[in-house]
Amino acid sequence: MLIFCVLLSVLQITLGKDEPGTIQTFVVPHSHMDVGWVYTVQESMQAYAANVYTTVTEELLKGRQRKFIAVEQEFFRLWWDSVATDTQKLQVRNLLKEGRLEFIIGGQVMHDEAVTELDDQILQLTEGHGFLYETFGVRPQYSWHVDPFGASATTPVVFALAGFNAHLISRIDYDLKDDMQQNKKLQFVWRGSPSLGQQQDIFTHTMDQFSYCTPSYLPFSNRSGFYWNGVALFPSPPEDGIYPNMSLPVSGESLHLYAKTMADNIKERAAWFRTNHVLWPWGCDKQFFNSSVQFENMDPLMDHINRHSDELGVTVQYSTLSEYFQAVHTANLSWEVRDNQDFLPYSTEPFQAWAGFFASRNVLKGVARRASSLLYAGESLFTQYAVMYPSSPIPKEWALKHLRDLRWAVSEVQHHDGITGTESPKVRNMYLDHLTQGIMGVKELMAALFLLSRKNSPYPGNLEVKSNSTSQDLQQHILVYNPLAWNITTFINVTVMFPMAKVYDDSGNRIPAQILKSSESTSSYDLYILVTSSGLSYRRYRIMLETSPCSNESDCLPTYVGRVVKFDRQIVNKSKKQGVRLLPVMNECYTLRLDQDTNLLNSITDRDTGRTVKATQVFLEYHANGDVQQGPISDNYIFTSNGPAVSVSKAVGMEIVIGKLVTEIRQYFYRKQTDKDYSYVVYTRLYNVPAEYDGKMLCHRLEQEYKVGPLELNREAVLRTYTDLKNEKTIFTDNNGYQVLKRQYKAYMNNTVARNYYPLVRTAYIEDDSTRIVLLSERSHGVSSQDNGQVEVMLHRRLWNNQEWNLGYNLTLNDTSIVRPVFWLMLGSKPVTSALYPRSGLALEHRPVVMLLDIPEKPSVKSWPEGHSRVHAEPVSLPPNLHIQSLSIPGWRYSSNHSEQLRDIQQEKQKQADPDFDRVLLRIMHLYEVEEDPVLSLPAAINLKDLLSGLGTVASVEERSLTGTWDLSELNRWKWRTSQKEDKESKSNFSPVTEDFSVTIYPKEIRTFFVYFNQQ
């Protein structure tokens, strides 16, 4: 009889119904817990977040049918480390074993999908997964991306590579969702990368119009329904346990009314899906802080529905997300395949395009990316140190703590109300505080590692790291670390207080440099130093300052002096004759022509092809409406153009700094011709590299730095570049720095400007049949092509509105900051730019780390003490189409053998174990798409032992899933049937690591390894 019941249960799930016509409902209890947004993490922990896990743990034990899914790991980890008792921890472990508590996604946060960078997405996911696997031996296999504002095609790739079986999204365009509902197309198999093909297919469920919150309307009550614990109170829970807006309790009078309401909603939703399985999320933001009252009301309601299933037409059961997806998978239907198109931008209504957050809080976006870049450099430097000097004096635990602090801070800000700029001011300050503290710690660590080999090397705590060179010392020491695994030739800029400087490398040789008067200060100078470095190496430089300029220029060579040429301020208007007096400024790759009648850029010539493109750059501002009574508004999230963008400059001033190595064009934009102070600045730099240096990448970049703000209230500032490229208003933008998507202009009945804005994370370009203009950015912005040949970038926003919701949560964007984003512009043929932009984008993202240090001892100018030039003797260098995404020592204490890990947890060995400093995480990515470049798109074969020989002798290599928790040979993701014929060419070309540590990496692959070295 027992066997028959089990078979019947399996048959019911397979058919998706208890009997013909019955809908099987999976009620998934959850609490959406924003890691930030309105309240700080600390405020949320005190008010409700800690109580969610405390009361859920308690209540699940009271009924074996009860279940719950936990999502954001930052809150759970804080509860686990600082609140949970030993008894509660044991209870959590048992609930996980029973499958009644389930971790979903498993990252530190539910990351934003529009403005986050791929490496940061992976970081926050890896941090959460490492904790879960180390602590519980569990590996999340499903996503729950219910709240990010639009869906990127990169995210399903990331989750597939992490071992997920299914993906869940919610926020997509309102009109598209309606169409997908009516045609039962909310579920599909997503093939997010055209190059990876079927190997990263992932089944994707789009939530219906009710999204992740329980429908709260009750036809029989004026109170909201199904939220029996009410709304969380800040700053602390009420002593009497009575919360605002607690739903009408389930009673004899309301029981059947509740049941009919719930069943009607279930049947409405069932009509939008192809199987008889309905996912019914029970929860919303900040729910289940009093789980007792939640379950005490839902238990009898669900019992009643199941007793009357014949009448109501539905059955209900508490469920985890995995149980729902298992039921859908077992149905074995054939699903449509969606290619690598994303769901961005996202609109909730005709005048609510969520494209504003692409540019909100530009300062936070910049700090977050700089912190990520510094972490990337610090991780690789520490890894080299730990492998090469296992017994050196710097405590590894101290170093790991600094790295972990910044990992936590960078992970935290990836939250979908963090780096998006949609949080309240106090939460923004929290993110910035955590990032700043983490940056300081990693800088201190890197300084200690740099100075490790010196006599009397300072121990942690006794090291001074200078933030700038305002000291009057005539001798300065800088260290320049190249965190990329390829050779670089580039310029660094050091601010000095004297008019002349001579620069020496660590062998005592003079280095080419150029000094020029600072554009920002009358008392300082910018010293540009030409630096070269092999992969993952650092160089020391000594700067000898002189109090007076050279009387004879040849005496100071190869330090050159930039000469400033000033031009009269010019009025800018359309009626003024233009293009007559053109001034050329050039390097080996480009000729820029500046119009002396407007002081604006007129054209750019690609000297490789001889193609001249007309190009003019101007600043404009969209005037936002702040009164909801007057029409649609712009806010942190939403961009609504209240008319066309308006030119802000009546006059432009210009200076050109002419130099042998660096030429800088300074353009100052004034609102009025008579204004004393400018409103906007563009600094454009062209670089010339001596013939004996490899300056190809450096020559092909036009570096532009903008200075914008503070803005007037309700202004959204853009830089628009007008060209004569016939791009038909089509722009190409990247998804999270991983892949580039084609964005064809679309006309809408309303709000066309905003709905044609897209996130620019790292790359955007426009092109015609032969030529392309590429923009590379070191932080996220919004970008669009509103007319033929145009590309405009939203740089800054300052907004206020009287919408009650925004005012109540203090979510207005009254951002008075000055922002200074940096772009690299490239012009050239499609083949040339296709080859250059992936590496150039990374070179901008991971510029050399420059540290000014106080050196206790002062060696001679001619030479540095022997053996002090590098952490390691051999450089790390990859083929030009590969990139090291991560070289780090995570410090996890788990065993990479799954059976051993489960046994260690059972025996509580983790409690006594020290961090593992022997396991190195190596992640390598192929930068190019299939057929993007005839050479660079080819597979790349490398030998990991040879690659890392500069660190030590590789003893063993394990290939892992993206976040490291799966042995790749043991990972078997679900296969989903598709309606698309199998493309033999799209099958994986995956090549495992050979016994001699060789591996071939194919286009857009991301490969993750654990590497172990012989002990030295």
# chains A, B, ... in the order shown; residues from 1 in each chain; ligands from 1
>>> select_by_dssp(residues="segment 211-383 of chain A", states="strand (DSSP E or B)", output="NGL selection string")
:A and (277-285 or 314-318 or 335 or 337-338 or 343 or 347-349 or 352-353)
>>> write_last_selection(atoms="N, CA, C and O atoms", output="short mmCIF file (atom, residue, chain, number, x, y, z; two decimals), in the first residue's frame")
data_model
loop_
_atom_site.label_atom_id
_atom_site.label_comp_id
_atom_site.auth_asym_id
_atom_site.auth_seq_id
_atom_site.Cartn_x
_atom_site.Cartn_y
_atom_site.Cartn_z
N HIS A 277 0.83 23.31 -12.88
CA HIS A 277 1.55 23.68 -11.67
C HIS A 277 1.57 25.20 -11.56
O HIS A 277 1.97 25.88 -12.51
N VAL A 278 1.19 25.71 -10.43
CA VAL A 278 1.18 27.15 -10.21
C VAL A 278 2.12 27.50 -9.06
O VAL A 278 2.01 26.94 -7.96
N LEU A 279 3.06 28.39 -9.34
CA LEU A 279 3.94 28.93 -8.30
C LEU A 279 3.22 30.10 -7.64
O LEU A 279 2.86 31.08 -8.30
N TRP A 280 2.96 29.99 -6.33
CA TRP A 280 2.21 31.02 -5.61
C TRP A 280 3.10 31.58 -4.50
O TRP A 280 3.17 31.02 -3.41
N PRO A 281 3.87 32.66 -4.79
CA PRO A 281 4.74 33.22 -3.75
C PRO A 281 3.92 33.76 -2.58
O PRO A 281 2.98 34.55 -2.79
N TRP A 282 4.26 33.35 -1.40
CA TRP A 282 3.59 33.87 -0.20
C TRP A 282 4.61 34.68 0.59
O TRP A 282 5.52 34.13 1.21
N GLY A 283 4.48 35.99 0.49
CA GLY A 283 5.41 36.89 1.16
C GLY A 283 5.53 38.17 0.36
O GLY A 283 4.81 38.42 -0.59
N CYS A 284 6.47 38.98 0.76
CA CYS A 284 6.76 40.24 0.07
C CYS A 284 7.95 40.87 0.79
O CYS A 284 8.68 40.19 1.52
N ASP A 285 8.14 42.17 0.64
CA ASP A 285 9.23 42.85 1.33
C ASP A 285 9.02 42.79 2.84
O ASP A 285 7.93 43.07 3.34
N VAL A 314 -8.55 23.45 -7.03
CA VAL A 314 -7.12 23.58 -6.79
C VAL A 314 -6.73 22.77 -5.57
O VAL A 314 -7.55 22.52 -4.67
N THR A 315 -5.47 22.35 -5.55
CA THR A 315 -4.85 21.86 -4.33
C THR A 315 -3.68 22.76 -3.99
O THR A 315 -3.10 23.40 -4.88
N VAL A 316 -3.32 22.82 -2.73
CA VAL A 316 -2.24 23.70 -2.29
C VAL A 316 -1.31 22.92 -1.39
O VAL A 316 -1.73 21.99 -0.68
N GLN A 317 -0.04 23.29 -1.42
CA GLN A 317 0.96 22.67 -0.55
C GLN A 317 2.07 23.67 -0.30
O GLN A 317 2.42 24.45 -1.19
N TYR A 318 2.59 23.67 0.93
CA TYR A 318 3.81 24.44 1.17
C TYR A 318 4.92 23.85 0.32
O TYR A 318 5.02 22.63 0.15
N TRP A 335 10.12 23.38 -24.78
CA TRP A 335 10.06 24.81 -24.52
C TRP A 335 10.74 25.60 -25.63
O TRP A 335 11.68 25.12 -26.25
N VAL A 337 13.13 28.46 -27.21
CA VAL A 337 14.47 28.94 -26.86
C VAL A 337 14.53 30.44 -27.10
O VAL A 337 14.15 30.93 -28.17
N ARG A 338 15.00 31.16 -26.09
CA ARG A 338 15.24 32.60 -26.23
C ARG A 338 16.74 32.79 -26.40
O ARG A 338 17.53 32.21 -25.65
N PHE A 343 16.17 41.82 -21.26
CA PHE A 343 14.90 42.50 -20.97
C PHE A 343 15.21 43.89 -20.40
O PHE A 343 14.80 44.22 -19.28
N SER A 347 10.02 48.87 -18.21
CA SER A 347 9.00 49.89 -17.96
C SER A 347 7.82 49.26 -17.24
O SER A 347 7.41 48.13 -17.57
N THR A 348 7.27 49.98 -16.29
CA THR A 348 6.08 49.50 -15.57
C THR A 348 4.80 50.13 -16.12
O THR A 348 3.72 49.57 -15.94
N GLU A 349 4.94 51.28 -16.75
CA GLU A 349 3.81 51.98 -17.37
C GLU A 349 4.36 52.77 -18.55
O GLU A 349 5.58 52.92 -18.69
N GLN A 352 6.84 55.28 -17.35
CA GLN A 352 7.71 54.84 -16.26
C GLN A 352 8.77 53.89 -16.80
O GLN A 352 8.71 52.68 -16.61
N ALA A 353 9.73 54.46 -17.50
CA ALA A 353 10.87 53.69 -17.99
C ALA A 353 11.97 53.72 -16.93
O ALA A 353 12.50 54.79 -16.62
#
>>> residues_around(residues="Pro875 of chain A", least_positions_apart="5", cutoff="9 Å", atoms="only C-alpha atoms", output="PyMOL selection string")
chain A and resi 485-487+534-537+947-951
>>> atom_distance(atom1="atom CA of Pro890 of chain A", atom2="atom CA of Phe917 of chain A")
7.9 Å
>>> residues_around(residues="Gly828 of chain A", least_positions_apart="5", cutoff="12 Å", atoms="only C-alpha atoms", output="PyMOL selection string")
chain A and resi 589-590+604-613+700-702+725+765-774+833-837
>>> residues_around(residues="Phe226 of chain A", least_positions_apart="3", cutoff="8 Å", atoms="only C-alpha atoms", output="number ranges by chain")
A: 214-216, 247, 282, 294, 298
>>> atom_distance(atom1="atom CA of His329 of chain A", atom2="atom CA of Lys177 of chain A")
22.3 Å
>>> atom_distance(atom1="atom CA of His32 of chain A", atom2="atom CA of Phe75 of chain A")
11.0 Å
>>> residues_around(residues="segment 130-141 of chain A", least_positions_apart="3", cutoff="7 Å", atoms="only C-alpha atoms", output="PyMOL selection string")
chain A and resi 93+103-106+126-127+163-165+892-894+901-902+905+965
>>> residues_around(residues="segment 776-780 of chain A", least_positions_apart="6", cutoff="8 Å", atoms="only C-alpha atoms", output="PDB file with N, CA, C and O atoms, in the first residue's frame")
ATOM      1  N   VAL A 115      23.502  47.463 -14.205  1.00  0.00           N
ATOM      2  CA  VAL A 115      24.701  48.303 -14.078  1.00  0.00           C
ATOM      3  C   VAL A 115      25.840  47.619 -13.331  1.00  0.00           C
ATOM      4  O   VAL A 115      26.852  48.246 -13.040  1.00  0.00           O
ATOM      5  N   THR A 116      25.679  46.342 -13.011  1.00  0.00           N
ATOM      6  CA  THR A 116      26.760  45.603 -12.360  1.00  0.00           C
ATOM      7  C   THR A 116      27.708  45.025 -13.401  1.00  0.00           C
ATOM      8  O   THR A 116      27.319  44.729 -14.527  1.00  0.00           O
ATOM      9  N   PHE A 358      20.331  53.938 -14.405  1.00  0.00           N
ATOM     10  CA  PHE A 358      21.584  53.672 -15.106  1.00  0.00           C
ATOM     11  C   PHE A 358      22.634  54.734 -14.766  1.00  0.00           C
ATOM     12  O   PHE A 358      23.832  54.473 -14.880  1.00  0.00           O
ATOM     13  N   ALA A 359      22.179  55.938 -14.387  1.00  0.00           N
ATOM     14  CA  ALA A 359      23.109  57.041 -14.126  1.00  0.00           C
ATOM     15  C   ALA A 359      22.967  57.639 -12.724  1.00  0.00           C
ATOM     16  O   ALA A 359      23.693  58.565 -12.385  1.00  0.00           O
ATOM     17  N   ASN A 362      26.247  58.791  -9.468  1.00  0.00           N
ATOM     18  CA  ASN A 362      27.444  58.494 -10.243  1.00  0.00           C
ATOM     19  C   ASN A 362      28.664  58.299  -9.357  1.00  0.00           C
ATOM     20  O   ASN A 362      29.538  57.477  -9.668  1.00  0.00           O
ATOM     21  N   LYS A 365      28.670  54.797  -7.965  1.00  0.00           N
ATOM     22  CA  LYS A 365      29.013  53.856  -9.028  1.00  0.00           C
ATOM     23  C   LYS A 365      30.523  53.837  -9.272  1.00  0.00           C
ATOM     24  O   LYS A 365      31.123  52.771  -9.482  1.00  0.00           O
ATOM     25  N   GLY A 366      31.139  55.021  -9.250  1.00  0.00           N
ATOM     26  CA  GLY A 366      32.579  55.101  -9.464  1.00  0.00           C
ATOM     27  C   GLY A 366      33.375  54.486  -8.330  1.00  0.00           C
ATOM     28  O   GLY A 366      34.342  53.745  -8.567  1.00  0.00           O
ATOM     29  N   ARG A 369      33.219  50.624  -8.407  1.00  0.00           N
ATOM     30  CA  ARG A 369      34.067  49.990  -9.413  1.00  0.00           C
ATOM     31  C   ARG A 369      35.548  50.126  -9.074  1.00  0.00           C
ATOM     32  O   ARG A 369      36.346  49.210  -9.329  1.00  0.00           O
ATOM     33  N   PRO A 759      21.760  50.505 -20.425  1.00  0.00           N
ATOM     34  CA  PRO A 759      22.920  50.610 -19.530  1.00  0.00           C
ATOM     35  C   PRO A 759      24.227  50.461 -20.286  1.00  0.00           C
ATOM     36  O   PRO A 759      24.361  49.604 -21.162  1.00  0.00           O
ATOM     37  N   LEU A 760      25.179  51.324 -19.978  1.00  0.00           N
ATOM     38  CA  LEU A 760      26.558  51.218 -20.459  1.00  0.00           C
ATOM     39  C   LEU A 760      27.395  50.850 -19.241  1.00  0.00           C
ATOM     40  O   LEU A 760      27.615  51.684 -18.369  1.00  0.00           O
ATOM     41  N   VAL A 761      27.813  49.616 -19.156  1.00  0.00           N
ATOM     42  CA  VAL A 761      28.640  49.171 -18.035  1.00  0.00           C
ATOM     43  C   VAL A 761      30.116  49.366 -18.354  1.00  0.00           C
ATOM     44  O   VAL A 761      30.870  49.927 -17.566  1.00  0.00           O
ATOM     45  N   ARG A 762      30.507  48.940 -19.560  1.00  0.00           N
ATOM     46  CA  ARG A 762      31.906  49.126 -19.958  1.00  0.00           C
ATOM     47  C   ARG A 762      32.041  49.600 -21.410  1.00  0.00           C
ATOM     48  O   ARG A 762      32.931  50.382 -21.712  1.00  0.00           O
ATOM     49  N   THR A 763      31.155  49.133 -22.303  1.00  0.00           N
ATOM     50  CA  THR A 763      31.354  49.350 -23.737  1.00  0.00           C
ATOM     51  C   THR A 763      30.067  49.767 -24.423  1.00  0.00           C
ATOM     52  O   THR A 763      29.005  49.204 -24.143  1.00  0.00           O
ATOM     53  N   ALA A 764      30.180  50.733 -25.328  1.00  0.00           N
ATOM     54  CA  ALA A 764      29.099  51.071 -26.253  1.00  0.00           C
ATOM     55  C   ALA A 764      29.735  51.565 -27.547  1.00  0.00           C
ATOM     56  O   ALA A 764      30.820  52.148 -27.524  1.00  0.00           O
ATOM     57  N   PRO A 821      33.717  61.265 -14.269  1.00  0.00           N
ATOM     58  CA  PRO A 821      33.906  59.995 -14.980  1.00  0.00           C
ATOM     59  C   PRO A 821      34.971  60.095 -16.059  1.00  0.00           C
ATOM     60  O   PRO A 821      35.255  61.178 -16.580  1.00  0.00           O
ATOM     61  N   VAL A 822      35.547  58.953 -16.391  1.00  0.00           N
ATOM     62  CA  VAL A 822      36.581  58.855 -17.419  1.00  0.00           C
ATOM     63  C   VAL A 822      36.098  57.920 -18.519  1.00  0.00           C
ATOM     64  O   VAL A 822      35.546  56.846 -18.241  1.00  0.00           O
ATOM     65  N   PHE A 823      36.312  58.318 -19.766  1.00  0.00           N
ATOM     66  CA  PHE A 823      36.006  57.481 -20.931  1.00  0.00           C
ATOM     67  C   PHE A 823      37.247  57.366 -21.807  1.00  0.00           C
ATOM     68  O   PHE A 823      38.060  58.287 -21.870  1.00  0.00           O
ATOM     69  N   TRP A 824      37.349  56.251 -22.483  1.00  0.00           N
ATOM     70  CA  TRP A 824      38.298  56.114 -23.577  1.00  0.00           C
ATOM     71  C   TRP A 824      37.500  55.993 -24.866  1.00  0.00           C
ATOM     72  O   TRP A 824      36.608  55.140 -24.978  1.00  0.00           O
ATOM     73  N   LEU A 825      37.813  56.840 -25.831  1.00  0.00           N
ATOM     74  CA  LEU A 825      37.163  56.806 -27.137  1.00  0.00           C
ATOM     75  C   LEU A 825      38.102  56.169 -28.143  1.00  0.00           C
ATOM     76  O   LEU A 825      39.316  56.421 -28.124  1.00  0.00           O
ATOM     77  N   TYR A 837      38.925  46.633 -28.452  1.00  0.00           N
ATOM     78  CA  TYR A 837      38.091  47.125 -27.361  1.00  0.00           C
ATOM     79  C   TYR A 837      37.955  46.167 -26.171  1.00  0.00           C
ATOM     80  O   TYR A 837      37.856  46.643 -25.016  1.00  0.00           O
ATOM     81  N   SER A 840      41.149  46.757 -24.212  1.00  0.00           N
ATOM     82  CA  SER A 840      41.220  48.156 -23.780  1.00  0.00           C
ATOM     83  C   SER A 840      40.236  48.429 -22.653  1.00  0.00           C
ATOM     84  O   SER A 840      40.533  49.178 -21.710  1.00  0.00           O
ATOM     85  N   GLY A 841      39.047  47.823 -22.744  1.00  0.00           N
ATOM     86  CA  GLY A 841      38.072  48.004 -21.670  1.00  0.00           C
ATOM     87  C   GLY A 841      38.582  47.491 -20.346  1.00  0.00           C
ATOM     88  O   GLY A 841      38.388  48.113 -19.301  1.00  0.00           O
ATOM     89  N   LEU A 844      41.240  49.842 -18.960  1.00  0.00           N
ATOM     90  CA  LEU A 844      40.643  50.998 -18.279  1.00  0.00           C
ATOM     91  C   LEU A 844      40.110  50.595 -16.916  1.00  0.00           C
ATOM     92  O   LEU A 844      40.280  51.319 -15.926  1.00  0.00           O
ATOM     93  N   GLU A 845      39.454  49.458 -16.859  1.00  0.00           N
ATOM     94  CA  GLU A 845      38.893  48.954 -15.596  1.00  0.00           C
ATOM     95  C   GLU A 845      40.000  48.694 -14.574  1.00  0.00           C
ATOM     96  O   GLU A 845      39.862  49.018 -13.394  1.00  0.00           O
TER      97      GLU A 845
END
>>> residues_around(residues="segment 543-558 of chain A", least_positions_apart="6", cutoff="7 Å", atoms="only C-alpha atoms", output="list in words")
Leu474, Gln475, Gln476, His477, Phe498, Pro499, Met500, Ala501, Lys502, Val503, Tyr504, Ile511, Pro512 and Ala513 of chain A
>>> select_by_dssp(residues="segment 490-655 of chain A", states="helix (DSSP H, G or I)", output="PyMOL selection string")
chain A and resi 553-556+628-630
>>> closest_residue(among="A:Thr57, A:His846, A:Asn265, A:Glu253", to="Thr87 of chain A", atoms="only C-alpha atoms")
A:Thr57
>>> closest_residue(among="A:His205, A:Arg569, A:Arg720, A:Lys267", to="Gln786 of chain A", atoms="only C-alpha atoms")
A:Arg720
>>> closest_residue(among="A:Tyr324, A:Phe450, A:Tyr48, A:Tyr758", to="Leu381 of chain A", atoms="only C-alpha atoms")
A:Phe450
>>> closest_residue(among="A:Ser322, A:Thr953, A:Gln803, A:Asn245", to="Val1011 of chain A", atoms="only C-alpha atoms")
A:Thr953
>>> closest_residue(among="A:Val28, A:Val689, A:Val250, A:Leu775", to="Gln704 of chain A", atoms="only C-alpha atoms")
A:Leu775
>>> closest_atom_pairs(of="segment 97-159 of chain A", to="segment 733-750 of chain A", cutoff="9 Å", atoms="only C-alpha atoms", output="JSON lines")
{"residue": "A:Glu113", "atom": "CA", "partner": "A:Asn736", "partner_atom": "CA", "distance": 7.5}
{"residue": "A:Ala114", "atom": "CA", "partner": "A:Asn736", "partner_atom": "CA", "distance": 6.9}
{"residue": "A:Val115", "atom": "CA", "partner": "A:Asn736", "partner_atom": "CA", "distance": 6.6}
{"residue": "A:Thr116", "atom": "CA", "partner": "A:Asn736", "partner_atom": "CA", "distance": 5.7}
{"residue": "A:Glu117", "atom": "CA", "partner": "A:Asn736", "partner_atom": "CA", "distance": 4.5}
{"residue": "A:Leu118", "atom": "CA", "partner": "A:Asn736", "partner_atom": "CA", "distance": 5.2}
{"residue": "A:Asp119", "atom": "CA", "partner": "A:Gly737", "partner_atom": "CA", "distance": 8.7}
{"residue": "A:Gln121", "atom": "CA", "partner": "A:Asn736", "partner_atom": "CA", "distance": 8.8}
{"residue": "A:Ser152", "atom": "CA", "partner": "A:Asn735", "partner_atom": "CA", "distance": 6.4}
{"residue": "A:Ala153", "atom": "CA", "partner": "A:Asn735", "partner_atom": "CA", "distance": 6.9}
{"residue": "A:Thr154", "atom": "CA", "partner": "A:Asn735", "partner_atom": "CA", "distance": 6.2}
{"residue": "A:Thr155", "atom": "CA", "partner": "A:Asn736", "partner_atom": "CA", "distance": 8.8}
>>> closest_residue(among="A:Glu1005, A:Glu379, A:Glu268, A:Glu874", to="Ser937 of chain A", atoms="only C-alpha atoms")
A:Glu1005
